[in-house]
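**Q** Please see the structure below; I have some questions.
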Amino acid sequence: MTQVDVRTIAWEMTEPFTISRGTTTHMQGVLVTLSDGGYRGRGESYGVSYAGESPESMVAQIEAVREQLESPITRFELLELLPSGGARCAVDFALWDLEAKRSGKPVRLLAGIESWKPLTTTFTIGMRTRSELQKTALRYANFEMLKIKVDATAPIETLRAVREVAPGPRFIVDPNQSWSMAQLRELAPVCKALGVVLLEQPVAVDADMALADYLCPIEIAADELICDLQDLPKARGKYDVINIKLDKAGGLTEGLRLARAASAEGFKLMAGCMAGSSLSMAPAFALGQLCQFVDLDGPLLQKKDWPHAIRYRAGCMSPPSPSLWG
């Protein structure tokens with residue numbers, strides 16, 4: 001019998017983090033621990049707040065299936081037990097960790113990944129005043145890539161302010177659905193000239209059919225549009241890149257399925273996150289082995305982290321320690 005422990009957790013951000021939807025000061029999620037007497041597996045998730053998920057709702061979802069989880073259950077059976085989202089994600093991560101410890105095989109082998117390759121993540125700069133924007137950009141100017149959050153108000157001024165103090169990095173721009181198609185057509189050429197290599201979900205998902213008739217000079221990534229594998233058809237003919245966030249997909253099991261299917265259809269891949277600690281970045285590191293873009297900077301945005309945390313050096317991530325996860 002598997003023992004199930006589920007609790008809420010919160011990590012304080014290094015500073016308030018602002019995007020077009022609002023501001024966050026703490027990352028709040030759930031921690032799941034599965035124990036079988038001899039081994040323990042852990043998983044952490046933050047859910048999808050814009051889809052109405054909260055730590056309390058995720059705990060309630062997990063408690064509702066506690067009996068099945070204690071039976072125990074496999075990762076593949078979990079796909080049928082819980083829907084995509086944070087609750088399933090936390091349990092799935094814990095099942096991977098538990099399976100690795102029981103078998104003595106690292107997660108990368110269980111996932112069919114022969115060896116870890118180095119990953120270099122972006123650093124995400126939230127919306128802020130010009131002086132604070134440049135202060136942060138200067139601090140992370142040695143990263144290969146910066147991700148810049150904008151809205152529909154003065155995005156080019158924002159990019160130019162960052163470029164003044166960070167001449168080297170390539171840019172990803174994330175408007176979080178706040179641009180209109182008219183703005184996208186107007187701004188994309190200027191963005192390209194400023195070194196932007198990816199636009200992440202620039203227009204609202206309910207207005208993105210217009211992308212099918214638009215040849216953008218910059219690759220466009222689907223983010224809010226895609227949760228799991230069943231959503232993939234929505235991106236066809238409109239997007240170049242699929243941003244896979246394991247909190248949305250409902251765990252690494254589904255995330256890998258989505259990644260391999262999307263890659264087979266010719267999409268490029270991005271490993272994204274909802275922020276969070278090294279415990280939630282560790283499974284995403286496995287996903288990142290399949291991706292062309294990596295945005296796994298969550299621990300850099302918060303004040304504290306777990307012991308045996310993932311190490312970052314100028315954006316280069318160390319593989320997760322087995323003492324942490326997997």
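Just so we're on the same page: first chain in the structure tokens is A, next is B, and so on; residues restart at 1 for each chain, and ligands are numbered from 1 in the order they show up.
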Please provide the set of residues having any atom within 8 Å of region 77-91 of chain A, restricted to only C-alpha atoms, with same-chain residues fewer than 5 positions apart removed, written as a VMD selection string.
**A** chain A and resid 30 to 32 42 to 48 53 58 to 59 61 to 62 65 227 to 228 246 to 252 254
**Q** If you count only C-alpha atoms, which residues fall within 8 Å of region 191-195 of chain A, apart from same-chain ones fewer than 2 positions away, as a ChimeraX atom specification?
**A** /A:156,159-160,163,170-171,187-189,197,217-218
**Q** Got time to write the residues from that selection, C-alpha atoms, as a tab-separated table (two decimals), in the first residue's frame?
**A**
```
chain	number	residue	atom	x	y	z
A	156	ILE	CA	8.88	48.39	-28.15
A	159	LEU	CA	12.54	46.09	-25.55
A	160	ARG	CA	14.71	49.07	-26.42
A	163	ARG	CA	18.61	46.20	-25.31
A	170	ARG	CA	18.52	37.00	-27.84
A	171	PHE	CA	14.99	37.90	-26.75
A	187	LEU	CA	5.30	45.28	-34.04
A	188	ALA	CA	6.79	42.02	-35.34
A	189	PRO	CA	9.26	43.59	-37.82
A	197	VAL	CA	13.63	35.26	-31.91
A	217	PRO	CA	8.97	37.30	-39.54
A	218	ILE	CA	9.45	35.76	-36.07
```
**Q** Do a neighbour search on Lys268 (chain A) at 12 Å with only C-alpha atoms, toss out local chain neighbours closer than 6 positions, and write the hits as an MDAnalysis selection string.
**A** chainID A and resid 198 219:222 235 239:244 258:262 288 290:294
**Q** Pull N, CA and C atoms from the residues just selected and write them as a short mmCIF file (atom, residue, chain, number, x, y, z; two decimals), in the first residue's frame.
**A**
```cif
data_model
loop_
_atom_site.label_atom_id
_atom_site.label_comp_id
_atom_site.auth_asym_id
_atom_site.auth_seq_id
_atom_site.Cartn_x
_atom_site.Cartn_y
_atom_site.Cartn_z
N LEU A 198 11.53 34.83 -30.75
CA LEU A 198 10.29 34.08 -30.49
C LEU A 198 9.26 35.00 -29.85
N GLU A 219 9.23 33.47 -35.29
CA GLU A 219 8.46 32.28 -34.92
C GLU A 219 7.51 32.61 -33.77
N ILE A 220 6.35 31.97 -33.79
CA ILE A 220 5.31 32.19 -32.79
C ILE A 220 5.08 30.90 -32.02
N ALA A 221 5.04 31.02 -30.69
CA ALA A 221 4.81 29.86 -29.82
C ALA A 221 3.40 29.87 -29.27
N ALA A 222 2.80 28.70 -29.23
CA ALA A 222 1.52 28.51 -28.55
C ALA A 222 1.79 28.20 -27.09
N ALA A 235 -3.10 23.99 -32.77
CA ALA A 235 -1.93 24.79 -33.16
C ALA A 235 -1.56 24.64 -34.63
N TYR A 239 0.97 28.09 -35.56
CA TYR A 239 2.11 28.28 -34.66
C TYR A 239 3.31 27.46 -35.14
N ASP A 240 4.48 27.91 -34.72
CA ASP A 240 5.72 27.24 -35.08
C ASP A 240 6.29 26.42 -33.92
N VAL A 241 5.97 26.84 -32.70
CA VAL A 241 6.58 26.28 -31.49
C VAL A 241 5.47 25.95 -30.50
N ILE A 242 5.62 24.85 -29.79
CA ILE A 242 4.69 24.48 -28.71
C ILE A 242 5.41 24.65 -27.38
N ASN A 243 4.89 25.53 -26.54
CA ASN A 243 5.43 25.71 -25.20
C ASN A 243 4.73 24.71 -24.28
N ILE A 244 5.49 23.74 -23.78
CA ILE A 244 4.93 22.69 -22.92
C ILE A 244 5.26 23.02 -21.48
N LEU A 258 3.16 14.65 -25.42
CA LEU A 258 2.89 15.85 -26.22
C LEU A 258 4.13 16.27 -26.99
N ALA A 259 5.29 16.27 -26.34
CA ALA A 259 6.52 16.70 -26.98
C ALA A 259 6.85 15.83 -28.18
N ARG A 260 6.75 14.55 -28.03
CA ARG A 260 7.12 13.64 -29.12
C ARG A 260 6.12 13.73 -30.27
N ALA A 261 4.85 13.90 -29.95
CA ALA A 261 3.84 14.04 -31.01
C ALA A 261 4.01 15.36 -31.75
N ALA A 262 4.24 16.44 -31.01
CA ALA A 262 4.42 17.75 -31.64
C ALA A 262 5.67 17.78 -32.51
N GLY A 288 13.11 19.17 -21.15
CA GLY A 288 13.98 20.09 -21.87
C GLY A 288 14.98 19.41 -22.78
N LEU A 290 14.36 17.46 -25.01
CA LEU A 290 13.74 17.33 -26.33
C LEU A 290 13.46 18.68 -26.97
N CYS A 291 13.82 19.78 -26.31
CA CYS A 291 13.34 21.10 -26.71
C CYS A 291 14.43 21.99 -27.29
N GLN A 292 13.99 22.91 -28.17
CA GLN A 292 14.89 23.91 -28.75
C GLN A 292 14.96 25.18 -27.90
N PHE A 293 13.90 25.45 -27.15
CA PHE A 293 13.86 26.61 -26.25
C PHE A 293 13.61 26.11 -24.83
N VAL A 294 14.29 26.72 -23.86
CA VAL A 294 14.15 26.32 -22.46
C VAL A 294 13.89 27.56 -21.60
#
```
**Q** Which neighbours of Met181 (chain A) fall inside 12 Å, counting only C-alpha atoms, when residues of the same chain fewer than 5 positions from it are skipped, and could you give them as a ChimeraX atom specification?
**A** /A:152,186-188,201-216
**Q** Output N, CA and C atoms for every residue in the selection just made, as a PDB file, in the first residue's frame.
**A**
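Contents of the output file again-v6.pdb:
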```pdb
ATOM      1  N   ALA A 152       0.098  45.436 -24.081  1.00  0.00           N
ATOM      2  CA  ALA A 152      -0.137  46.167 -25.320  1.00  0.00           C
ATOM      3  C   ALA A 152       0.344  47.615 -25.246  1.00  0.00           C
ATOM      4  N   GLU A 186       2.134  45.123 -36.894  1.00  0.00           N
ATOM      5  CA  GLU A 186       2.919  46.358 -36.810  1.00  0.00           C
ATOM      6  C   GLU A 186       4.227  46.153 -36.043  1.00  0.00           C
ATOM      7  N   LEU A 187       4.170  45.371 -34.954  1.00  0.00           N
ATOM      8  CA  LEU A 187       5.304  45.280 -34.036  1.00  0.00           C
ATOM      9  C   LEU A 187       6.319  44.203 -34.409  1.00  0.00           C
ATOM     10  N   ALA A 188       5.888  43.150 -35.084  1.00  0.00           N
ATOM     11  CA  ALA A 188       6.790  42.017 -35.337  1.00  0.00           C
ATOM     12  C   ALA A 188       8.066  42.422 -36.077  1.00  0.00           C
ATOM     13  N   GLN A 201       2.619  33.410 -27.561  1.00  0.00           N
ATOM     14  CA  GLN A 201       1.181  33.664 -27.469  1.00  0.00           C
ATOM     15  C   GLN A 201       0.861  35.163 -27.509  1.00  0.00           C
ATOM     16  N   PRO A 202       1.170  35.816 -28.626  1.00  0.00           N
ATOM     17  CA  PRO A 202       0.947  37.265 -28.673  1.00  0.00           C
ATOM     18  C   PRO A 202      -0.520  37.671 -28.674  1.00  0.00           C
ATOM     19  N   VAL A 203      -1.362  36.894 -29.365  1.00  0.00           N
ATOM     20  CA  VAL A 203      -2.777  37.255 -29.445  1.00  0.00           C
ATOM     21  C   VAL A 203      -3.620  36.254 -28.655  1.00  0.00           C
ATOM     22  N   ALA A 204      -4.836  36.657 -28.340  1.00  0.00           N
ATOM     23  CA  ALA A 204      -5.733  35.812 -27.551  1.00  0.00           C
ATOM     24  C   ALA A 204      -6.048  34.517 -28.286  1.00  0.00           C
ATOM     25  N   VAL A 205      -6.181  33.442 -27.525  1.00  0.00           N
ATOM     26  CA  VAL A 205      -6.424  32.142 -28.155  1.00  0.00           C
ATOM     27  C   VAL A 205      -7.748  32.108 -28.912  1.00  0.00           C
ATOM     28  N   ASP A 206      -8.707  32.936 -28.511  1.00  0.00           N
ATOM     29  CA  ASP A 206      -9.982  32.935 -29.225  1.00  0.00           C
ATOM     30  C   ASP A 206      -9.958  33.867 -30.441  1.00  0.00           C
ATOM     31  N   ALA A 207      -8.791  34.456 -30.717  1.00  0.00           N
ATOM     32  CA  ALA A 207      -8.648  35.311 -31.895  1.00  0.00           C
ATOM     33  C   ALA A 207      -7.493  34.868 -32.771  1.00  0.00           C
ATOM     34  N   ASP A 208      -6.986  33.666 -32.542  1.00  0.00           N
ATOM     35  CA  ASP A 208      -5.747  33.276 -33.220  1.00  0.00           C
ATOM     36  C   ASP A 208      -5.949  32.651 -34.592  1.00  0.00           C
ATOM     37  N   MET A 209      -7.191  32.510 -35.063  1.00  0.00           N
ATOM     38  CA  MET A 209      -7.379  31.977 -36.408  1.00  0.00           C
ATOM     39  C   MET A 209      -6.726  32.873 -37.455  1.00  0.00           C
ATOM     40  N   ALA A 210      -6.610  34.156 -37.139  1.00  0.00           N
ATOM     41  CA  ALA A 210      -5.978  35.094 -38.075  1.00  0.00           C
ATOM     42  C   ALA A 210      -4.505  34.772 -38.300  1.00  0.00           C
ATOM     43  N   LEU A 211      -3.885  34.025 -37.384  1.00  0.00           N
ATOM     44  CA  LEU A 211      -2.482  33.651 -37.552  1.00  0.00           C
ATOM     45  C   LEU A 211      -2.274  32.738 -38.759  1.00  0.00           C
ATOM     46  N   ALA A 212      -3.320  32.020 -39.146  1.00  0.00           N
ATOM     47  CA  ALA A 212      -3.196  31.088 -40.266  1.00  0.00           C
ATOM     48  C   ALA A 212      -2.915  31.809 -41.577  1.00  0.00           C
ATOM     49  N   ASP A 213      -3.322  33.086 -41.673  1.00  0.00           N
ATOM     50  CA  ASP A 213      -3.128  33.854 -42.898  1.00  0.00           C
ATOM     51  C   ASP A 213      -2.004  34.871 -42.768  1.00  0.00           C
ATOM     52  N   TYR A 214      -1.186  34.723 -41.728  1.00  0.00           N
ATOM     53  CA  TYR A 214      -0.146  35.713 -41.469  1.00  0.00           C
ATOM     54  C   TYR A 214       1.221  35.057 -41.485  1.00  0.00           C
ATOM     55  N   LEU A 215       2.119  35.577 -42.311  1.00  0.00           N
ATOM     56  CA  LEU A 215       3.496  35.083 -42.359  1.00  0.00           C
ATOM     57  C   LEU A 215       4.341  35.991 -41.474  1.00  0.00           C
ATOM     58  N   CYS A 216       4.552  35.568 -40.249  1.00  0.00           N
ATOM     59  CA  CYS A 216       5.261  36.392 -39.276  1.00  0.00           C
ATOM     60  C   CYS A 216       6.775  36.272 -39.491  1.00  0.00           C
TER      61      CYS A 216
END
```
**Q** Could you state the separation of CA of Thr14 (chain A) and CA of Leu301 (chain A) in Å, given to one decimal place?
**A**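 Atom-to-atom, CA of Thr14 (chain A) to CA of Leu301 (chain A), that is 5.6 Å.
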**Q** I want to know what sits within 8 Å of Asp297 (chain A), based on only C-alpha atoms, with residues of the same chain fewer than 6 positions away left out; could you give that as a list of chain:residue names?
**A**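 Selected residues are A:Thr121, A:Thr122, A:Phe123, A:Thr124, A:Cys273, A:Ala275, A:Gly315.
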**Q** Which one of A:Asp174, A:Glu144, A:Glu114, A:Asp305 sits closest to Leu279 (chain A) if you count only C-alpha atoms?
**A**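 That would be A:Asp305, the residue with the smallest distance to Leu279 (chain A).
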**Q** List the neighbours of Gln28 (chain A) out to 8 Å using only C-alpha atoms; skip same-chain residues closer than 4 positions along the sequence, and give me the result as a list in words.
**A** Thr8, Ile9, Ala10, Trp11, Tyr46, Ser54 and Pro55 of chain A
**Q** From a backbone DSSP assignment, name each residue in region 117-302 of chain A labelled strand (DSSP E), as a VMD selection string.
**A** chain A and resid 119 to 120 123 to 125 145 to 149 170 to 174 196 to 200 219 to 222 241 to 245 268 to 272 293 to 294
**Q** Just to confirm, what's the straight-line distance from CA of Lys303 (chain A) to CA of Met13 (chain A) in Å (one decimal)?
**A**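 Computed distance, CA of Lys303 (chain A) to CA of Met13 (chain A), equals 5.7 Å.
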**Q** For CA of Ile172 (chain A) and CA of Leu146 (chain A), quote the distance in Å rounded to one decimal.
**A**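 Those two atoms sit 6.2 Å apart.
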**Q** Once DSSP has gone over the backbone, tell me which residues of region 81-215 of chain A are in helix (DSSP H, G or I), as JSON, numbers by chain.
**A** {"A": [81, 86, 87, 88, 89, 90, 91, 92, 93, 94, 95, 96, 97, 98, 99, 100, 101, 102, 103, 107, 108, 109, 110, 130, 131, 132, 133, 134, 135, 136, 137, 138, 139, 155, 156, 157, 158, 159, 160, 161, 162, 163, 164, 165, 181, 182, 183, 184, 185, 186, 187, 188, 189, 190, 191, 192, 193, 205, 206, 207, 208, 209, 210, 211, 212, 213]}
**Q** Measuring atom to atom with only C-alpha atoms, identify which of A:Gly38, A:Pro155, A:Pro299, A:Pro322 is nearest to Glu12 (chain A).
**A**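 When distances to Glu12 (chain A) are compared using only C-alpha atoms, the smallest one comes from A:Pro299.
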